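File shown here: input_39.cif, holding mmCIF, C-alpha atoms.
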```cif
data_run
loop_
_atom_site.label_atom_id
_atom_site.label_comp_id
_atom_site.auth_asym_id
_atom_site.auth_seq_id
_atom_site.Cartn_x
_atom_site.Cartn_y
_atom_site.Cartn_z
CA MET O 1 3.72 7.07 -33.74
CA LEU O 2 0.07 8.06 -34.10
CA GLU O 3 -1.01 11.68 -34.42
CA LEU O 4 -4.13 12.34 -32.36
CA ALA O 5 -4.48 16.00 -33.32
CA ASP O 6 -2.22 18.90 -34.21
CA ASP O 7 0.96 18.75 -32.09
CA ILE O 8 0.06 15.66 -30.05
CA TRP O 9 1.06 12.05 -30.74
CA VAL O 10 0.93 8.71 -28.93
CA VAL O 11 3.53 5.97 -29.16
CA ALA O 12 2.77 2.37 -28.24
CA GLY O 13 5.38 0.78 -26.01
CA GLU O 14 5.98 -2.84 -25.20
CA THR O 15 3.64 -4.92 -23.05
CA VAL O 16 4.95 -5.50 -19.54
CA PRO O 17 3.68 -7.88 -16.83
CA PHE O 18 2.21 -6.27 -13.71
CA PHE O 19 0.19 -8.13 -11.06
CA THR O 20 0.24 -11.07 -13.52
CA LEU O 21 -1.67 -8.99 -16.13
CA PRO O 22 -0.18 -7.93 -19.50
CA PHE O 23 0.03 -4.14 -19.38
CA SER O 24 0.16 -2.41 -22.74
CA THR O 25 2.05 0.87 -22.39
CA ARG O 26 1.79 4.22 -24.12
CA MET O 27 3.86 7.40 -24.33
CA VAL O 28 2.49 10.83 -25.22
CA VAL O 29 4.45 13.42 -27.20
CA VAL O 30 3.37 17.06 -27.29
CA ARG O 31 4.96 19.76 -29.41
CA LEU O 32 4.77 22.89 -27.30
CA ALA O 33 3.96 26.37 -28.54
CA ASP O 34 7.69 27.17 -28.74
CA GLY O 35 8.41 24.06 -30.83
CA GLY O 36 10.03 21.98 -28.07
CA LEU O 37 8.88 18.43 -27.38
CA TRP O 38 7.34 17.30 -24.08
CA ILE O 39 7.55 13.54 -23.48
CA HIS O 40 5.11 11.91 -21.03
CA SER O 41 5.92 8.50 -19.53
CA PRO O 42 8.79 7.57 -21.89
CA VAL O 43 8.73 4.06 -23.33
CA ARG O 44 11.81 2.20 -24.55
CA LEU O 45 13.77 4.49 -26.87
CA ARG O 46 14.46 2.91 -30.26
CA PRO O 47 16.45 4.36 -33.19
CA ALA O 48 13.44 4.72 -35.51
CA MET O 49 11.46 6.52 -32.82
CA GLN O 50 14.38 8.80 -32.07
CA GLN O 51 14.63 9.78 -35.73
CA GLN O 52 10.92 10.62 -35.82
CA LEU O 53 11.16 12.72 -32.68
CA ASP O 54 14.22 14.60 -33.88
CA ALA O 55 12.31 15.47 -37.05
CA LEU O 56 9.46 16.92 -34.97
CA GLY O 57 11.55 19.17 -32.75
CA GLU O 58 13.95 19.33 -29.81
CA VAL O 59 13.19 17.02 -26.90
CA ARG O 60 12.94 19.50 -24.06
CA TYR O 61 11.04 17.86 -21.17
CA LEU O 62 10.91 14.28 -19.88
CA ILE O 63 8.02 13.53 -17.54
CA ALA O 64 7.82 10.69 -14.99
CA PRO O 65 4.23 11.27 -13.81
CA ASN O 66 4.09 8.79 -10.92
CA ALA O 67 6.26 6.38 -8.98
CA LEU O 68 5.65 3.50 -11.41
CA HIS O 69 6.65 5.16 -14.68
CA HIS O 70 10.41 5.56 -14.74
CA LEU O 71 11.84 2.35 -16.28
CA PHE O 72 13.34 3.89 -19.42
CA LEU O 73 14.07 7.40 -18.19
CA ALA O 74 17.80 6.83 -17.79
CA ASP O 75 18.15 5.95 -21.48
CA TRP O 76 16.28 9.08 -22.49
CA GLN O 77 18.40 11.27 -20.23
CA GLU O 78 21.52 9.83 -21.84
CA ALA O 79 20.17 10.33 -25.37
CA TYR O 80 18.90 13.86 -24.65
CA PRO O 81 21.21 15.41 -22.03
CA GLN O 82 19.83 18.87 -22.78
CA ALA O 83 16.28 17.83 -21.78
CA HIS O 84 14.88 18.74 -18.37
CA SER O 85 13.47 15.85 -16.34
CA TYR O 86 10.50 16.19 -13.99
CA GLY O 87 9.12 13.51 -11.69
CA THR O 88 7.02 13.16 -8.58
CA GLN O 89 8.64 12.95 -5.16
CA GLY O 90 7.86 9.24 -5.19
CA VAL O 91 9.92 8.75 -8.35
CA ALA O 92 12.81 10.82 -7.01
CA LYS O 93 12.96 8.73 -3.83
CA LYS O 94 12.67 5.47 -5.75
CA ARG O 95 15.33 6.37 -8.33
CA PRO O 96 18.16 8.29 -6.61
CA ASP O 97 20.33 7.34 -9.58
CA LEU O 98 18.32 9.65 -11.84
CA HIS O 99 18.67 13.42 -12.03
CA PHE O 100 15.52 15.54 -11.80
CA ASP O 101 15.42 19.22 -12.61
CA GLY O 102 12.11 19.65 -10.84
CA ILE O 103 9.61 17.78 -8.67
CA LEU O 104 6.01 17.53 -9.84
CA ASP O 105 3.72 18.80 -7.10
CA ASP O 106 0.82 21.22 -6.69
CA ALA O 107 2.76 24.25 -7.93
CA ASN O 108 0.85 26.58 -10.22
CA GLN O 109 3.54 27.45 -12.74
CA TRP O 110 5.40 25.11 -15.09
CA PRO O 111 7.54 25.87 -18.16
CA TRP O 112 5.05 24.03 -20.41
CA GLN O 113 2.14 26.11 -19.11
CA PRO O 114 1.21 27.82 -22.40
CA SER O 115 0.32 24.45 -23.96
CA LEU O 116 -0.51 22.21 -21.00
CA HIS O 117 -2.42 22.51 -17.74
CA THR O 118 -1.03 20.48 -14.84
CA ALA O 119 -2.87 18.98 -11.87
CA PHE O 120 -1.39 16.97 -8.99
CA ILE O 121 -3.64 14.20 -7.69
CA THR O 122 -3.37 13.68 -3.92
CA GLY O 123 -5.39 11.91 -1.26
CA SER O 124 -3.78 8.48 -1.52
CA ALA O 125 -1.53 7.21 1.26
CA VAL O 126 0.80 5.46 -1.20
CA MET O 127 1.05 7.31 -4.53
CA GLN O 128 0.43 10.64 -6.20
CA GLU O 129 0.15 11.33 -9.91
CA ALA O 130 0.58 14.40 -12.08
CA VAL O 131 -2.01 14.66 -14.86
CA PHE O 132 -2.04 17.04 -17.78
CA PHE O 133 -4.42 18.72 -20.20
CA HIS O 134 -3.30 19.61 -23.72
CA ARG O 135 -5.28 22.77 -24.22
CA PRO O 136 -5.24 23.06 -28.04
CA SER O 137 -6.60 19.53 -28.59
CA HIS O 138 -8.69 19.33 -25.37
CA THR O 139 -6.89 16.10 -24.46
CA LEU O 140 -6.62 14.90 -20.85
CA ILE O 141 -3.43 12.87 -20.27
CA VAL O 142 -3.35 10.45 -17.34
CA THR O 143 -1.10 7.54 -16.42
CA ASP O 144 -2.53 5.04 -13.93
CA LEU O 145 -5.30 7.26 -12.57
CA ILE O 146 -7.51 5.54 -15.15
CA GLU O 147 -6.78 2.15 -16.71
CA ASN O 148 -9.10 1.00 -19.48
CA PHE O 149 -8.01 -2.31 -21.00
CA ALA O 150 -9.78 -3.83 -23.97
CA LYS O 151 -11.28 -7.12 -22.82
CA ASP O 152 -10.09 -8.97 -25.92
CA ALA O 153 -6.49 -7.90 -25.22
CA LEU O 154 -6.49 -9.74 -21.89
CA PRO O 155 -5.85 -13.48 -21.48
CA ILE O 156 -9.15 -15.29 -20.93
CA GLY O 157 -7.93 -16.72 -17.64
CA LYS O 158 -7.00 -13.25 -16.32
CA ARG O 159 -10.05 -11.27 -17.35
CA TRP O 160 -11.77 -11.90 -14.01
CA LEU O 161 -8.83 -10.22 -12.25
CA ALA O 162 -9.06 -7.13 -14.47
CA GLN O 163 -12.83 -7.02 -13.97
CA LEU O 164 -12.30 -7.20 -10.20
CA ALA O 165 -9.83 -4.33 -10.40
CA GLY O 166 -12.34 -2.31 -12.43
CA VAL O 167 -10.00 -1.63 -15.36
CA VAL O 168 -11.82 -3.21 -18.32
CA ALA O 169 -13.13 -0.95 -21.11
CA PRO O 170 -15.47 0.76 -21.47
CA ASN O 171 -15.78 0.95 -17.68
CA GLY O 172 -12.14 1.65 -16.84
CA LYS O 173 -11.26 3.51 -13.67
CA THR O 174 -8.58 3.81 -11.00
CA PRO O 175 -7.41 0.26 -10.16
CA LEU O 176 -8.99 -1.20 -7.03
CA ASP O 177 -5.75 -1.45 -5.05
CA TRP O 178 -5.06 2.26 -5.57
CA ARG O 179 -8.70 3.25 -5.00
CA LEU O 180 -8.62 1.64 -1.55
CA THR O 181 -5.72 3.88 -0.51
CA PHE O 182 -7.95 6.95 -0.82
CA TYR O 183 -10.05 5.70 2.11
CA GLY O 184 -11.03 8.67 4.25
CA HIS O 185 -9.86 11.15 1.60
CA LYS O 186 -12.45 10.83 -1.14
CA SER O 187 -13.40 14.48 -0.87
CA GLU O 188 -9.79 15.38 -1.66
CA ILE O 189 -9.60 13.37 -4.86
CA ARG O 190 -13.14 14.45 -5.77
CA SER O 191 -11.97 18.07 -5.76
CA HIS O 192 -9.17 17.12 -8.13
CA ILE O 193 -11.58 15.40 -10.52
CA GLU O 194 -13.82 18.46 -10.47
CA GLN O 195 -10.79 20.46 -11.60
CA LEU O 196 -10.20 18.03 -14.48
CA LEU O 197 -13.86 18.32 -15.48
CA SER O 198 -13.59 22.11 -15.45
CA TRP O 199 -11.07 21.80 -18.29
CA GLN O 200 -13.84 20.22 -20.42
CA PRO O 201 -11.77 17.42 -21.96
CA GLN O 202 -12.93 15.98 -25.28
CA ARG O 203 -10.44 13.08 -25.32
CA ILE O 204 -8.76 11.01 -22.61
CA VAL O 205 -5.42 9.29 -23.15
CA MET O 206 -4.11 6.89 -20.51
CA ALA O 207 -0.87 4.95 -20.34
CA HIS O 208 -2.72 1.63 -20.27
CA GLY O 209 -5.73 0.80 -22.39
CA VAL O 210 -8.34 2.19 -24.73
CA ILE O 211 -8.25 5.88 -25.63
CA VAL O 212 -11.55 7.72 -25.14
CA HIS O 213 -12.29 9.89 -28.16
CA GLU O 214 -15.88 11.00 -27.47
CA GLN O 215 -18.11 11.69 -24.49
CA ALA O 216 -15.02 12.22 -22.35
CA GLU O 217 -16.90 14.05 -19.60
CA ALA O 218 -19.41 11.23 -19.22
CA PHE O 219 -16.60 8.69 -19.12
CA LEU O 220 -14.66 10.71 -16.54
CA ARG O 221 -17.66 11.16 -14.27
CA ARG O 222 -18.49 7.49 -14.38
CA SER O 223 -14.88 6.46 -13.81
CA PHE O 224 -14.84 8.47 -10.60
CA ALA O 225 -18.33 7.72 -9.35
CA TRP O 226 -16.56 5.89 -6.49
CA THR O 227 -15.45 9.30 -5.14
CA GLY O 228 -19.06 10.45 -4.82
CA ILE O 229 -18.83 12.85 -7.74
CA ARG O 230 -22.08 13.61 -9.54
CA THR O 231 -22.38 11.35 -12.58
CA GLY O 232 -24.27 14.00 -14.55
CA ILE O 233 -24.57 13.00 -18.22
CA GLN O 234 -26.30 9.67 -18.65
CA THR O 235 -24.50 7.51 -21.21
CA THR O 236 -24.97 3.77 -21.54
CA THR O 237 -22.18 1.23 -21.52
CA SER O 238 -22.91 0.22 -25.10
CA GLU O 239 -22.70 3.85 -26.25
CA LEU O 240 -19.32 4.31 -24.59
CA ALA O 241 -18.08 1.07 -26.13
CA ASP O 242 -18.91 2.46 -29.56
CA ARG O 243 -17.03 5.66 -28.81
CA THR O 244 -13.68 4.27 -27.73
CA GLU O 245 -10.75 3.19 -29.83
CA PRO O 246 -8.42 0.24 -29.19
CA VAL O 247 -4.78 0.66 -28.32
CA GLU O 248 -2.59 1.50 -31.29
#
```
If you convert what's in this file into structure tokens, what do you get?
Amino acid sequence: MLELADDIWVVAGETVPFFTLPFSTRMVVVRLADGGLWIHSPVRLRPAMQQQLDALGEVRYLIAPNALHHLFLADWQEAYPQAHSYGTQGVAKKRPDLHFDGILDDANQWPWQPSLHTAFITGSAVMQEAVFFHRPSHTLIVTDLIENFAKDALPIGKRWLAQLAGVVAPNGKTPLDWRLTFYGHKSEIRSHIEQLLSWQPQRIVMAHGVIVHEQAEAFLRRSFAWTGIRTGIQTTTSELADRTEPVE
């Protein structure tokens, strides 16, 4: 468990195969203003991790932020029956065996509001994603909306596929297959990205790939240039490469 700033940690999960690529995974833990723990995209729960979490506070919220991030939620619900689970409508439909206390959508009020902003990314015909902003640390938390794999972490024979998908650091972005589903709705997702930019993130954490620790606005604008958003700050690829940190 790596502490990024006060009251926010990341936990590296196992690598899983997806579209023949090895996907490193990452969970985010936030200690809320009231001391409760908010768990984003839970990875496999192990005894040592559980001990660390229990020392930090009470696990209060379990978040399944899109239809692809739900694999280990059942184990967490069993281990923490008092925790409230939230997932998108896509997750709820895909996993009728799981109980959800609330559906992530474009509502304005959430119980974690004092510590975290919430935005619901729409415009795609196939998947929506809830993204979050940890206000005290100025950290934007996304799942698959941006993927940013270190080139050296990919098998040599598969790097061309990741390059084609547009998910290789420091130029990571929304994967090509998901980008294509926003056809005809780019103005909709562009308005969402403008909202994320209005939060003025200083760090970007994604479930898959290299964390962005500096020049987050420049990275975000460039990642979503495909939506037609103004790129604004001019930052070179080499500069961004120097300002990112490999997966822990």
Output of the PyMOL selection byres ((chain O and resi 208) around 8), listed as a list in words: Phe23, Ser24, Thr25, Arg26, Thr143, Asp144, Glu147, Asn148, Phe149, Met206, Ala207, Gly209 and Val210 of chain O
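Nearest residue to Ile211 of chain O, choosing from O:Ile63, O:Pro136, O:Ile141, O:Ala79 and counting all atoms listed in the file: O:Ile141.
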Residue among O:His138, O:Arg44, O:Ile39, O:Met49 lying closest to Asp6 of chain O, counting only C-alpha atoms: O:His138
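Picture a line from atom CA of Leu73 of chain O to atom CA of Glu14 of chain O; it runs 14.8 Å.
A straight line drawn from atom CA of Leu37 of chain O to atom CA of Val142 of chain O is 17.7 Å long.
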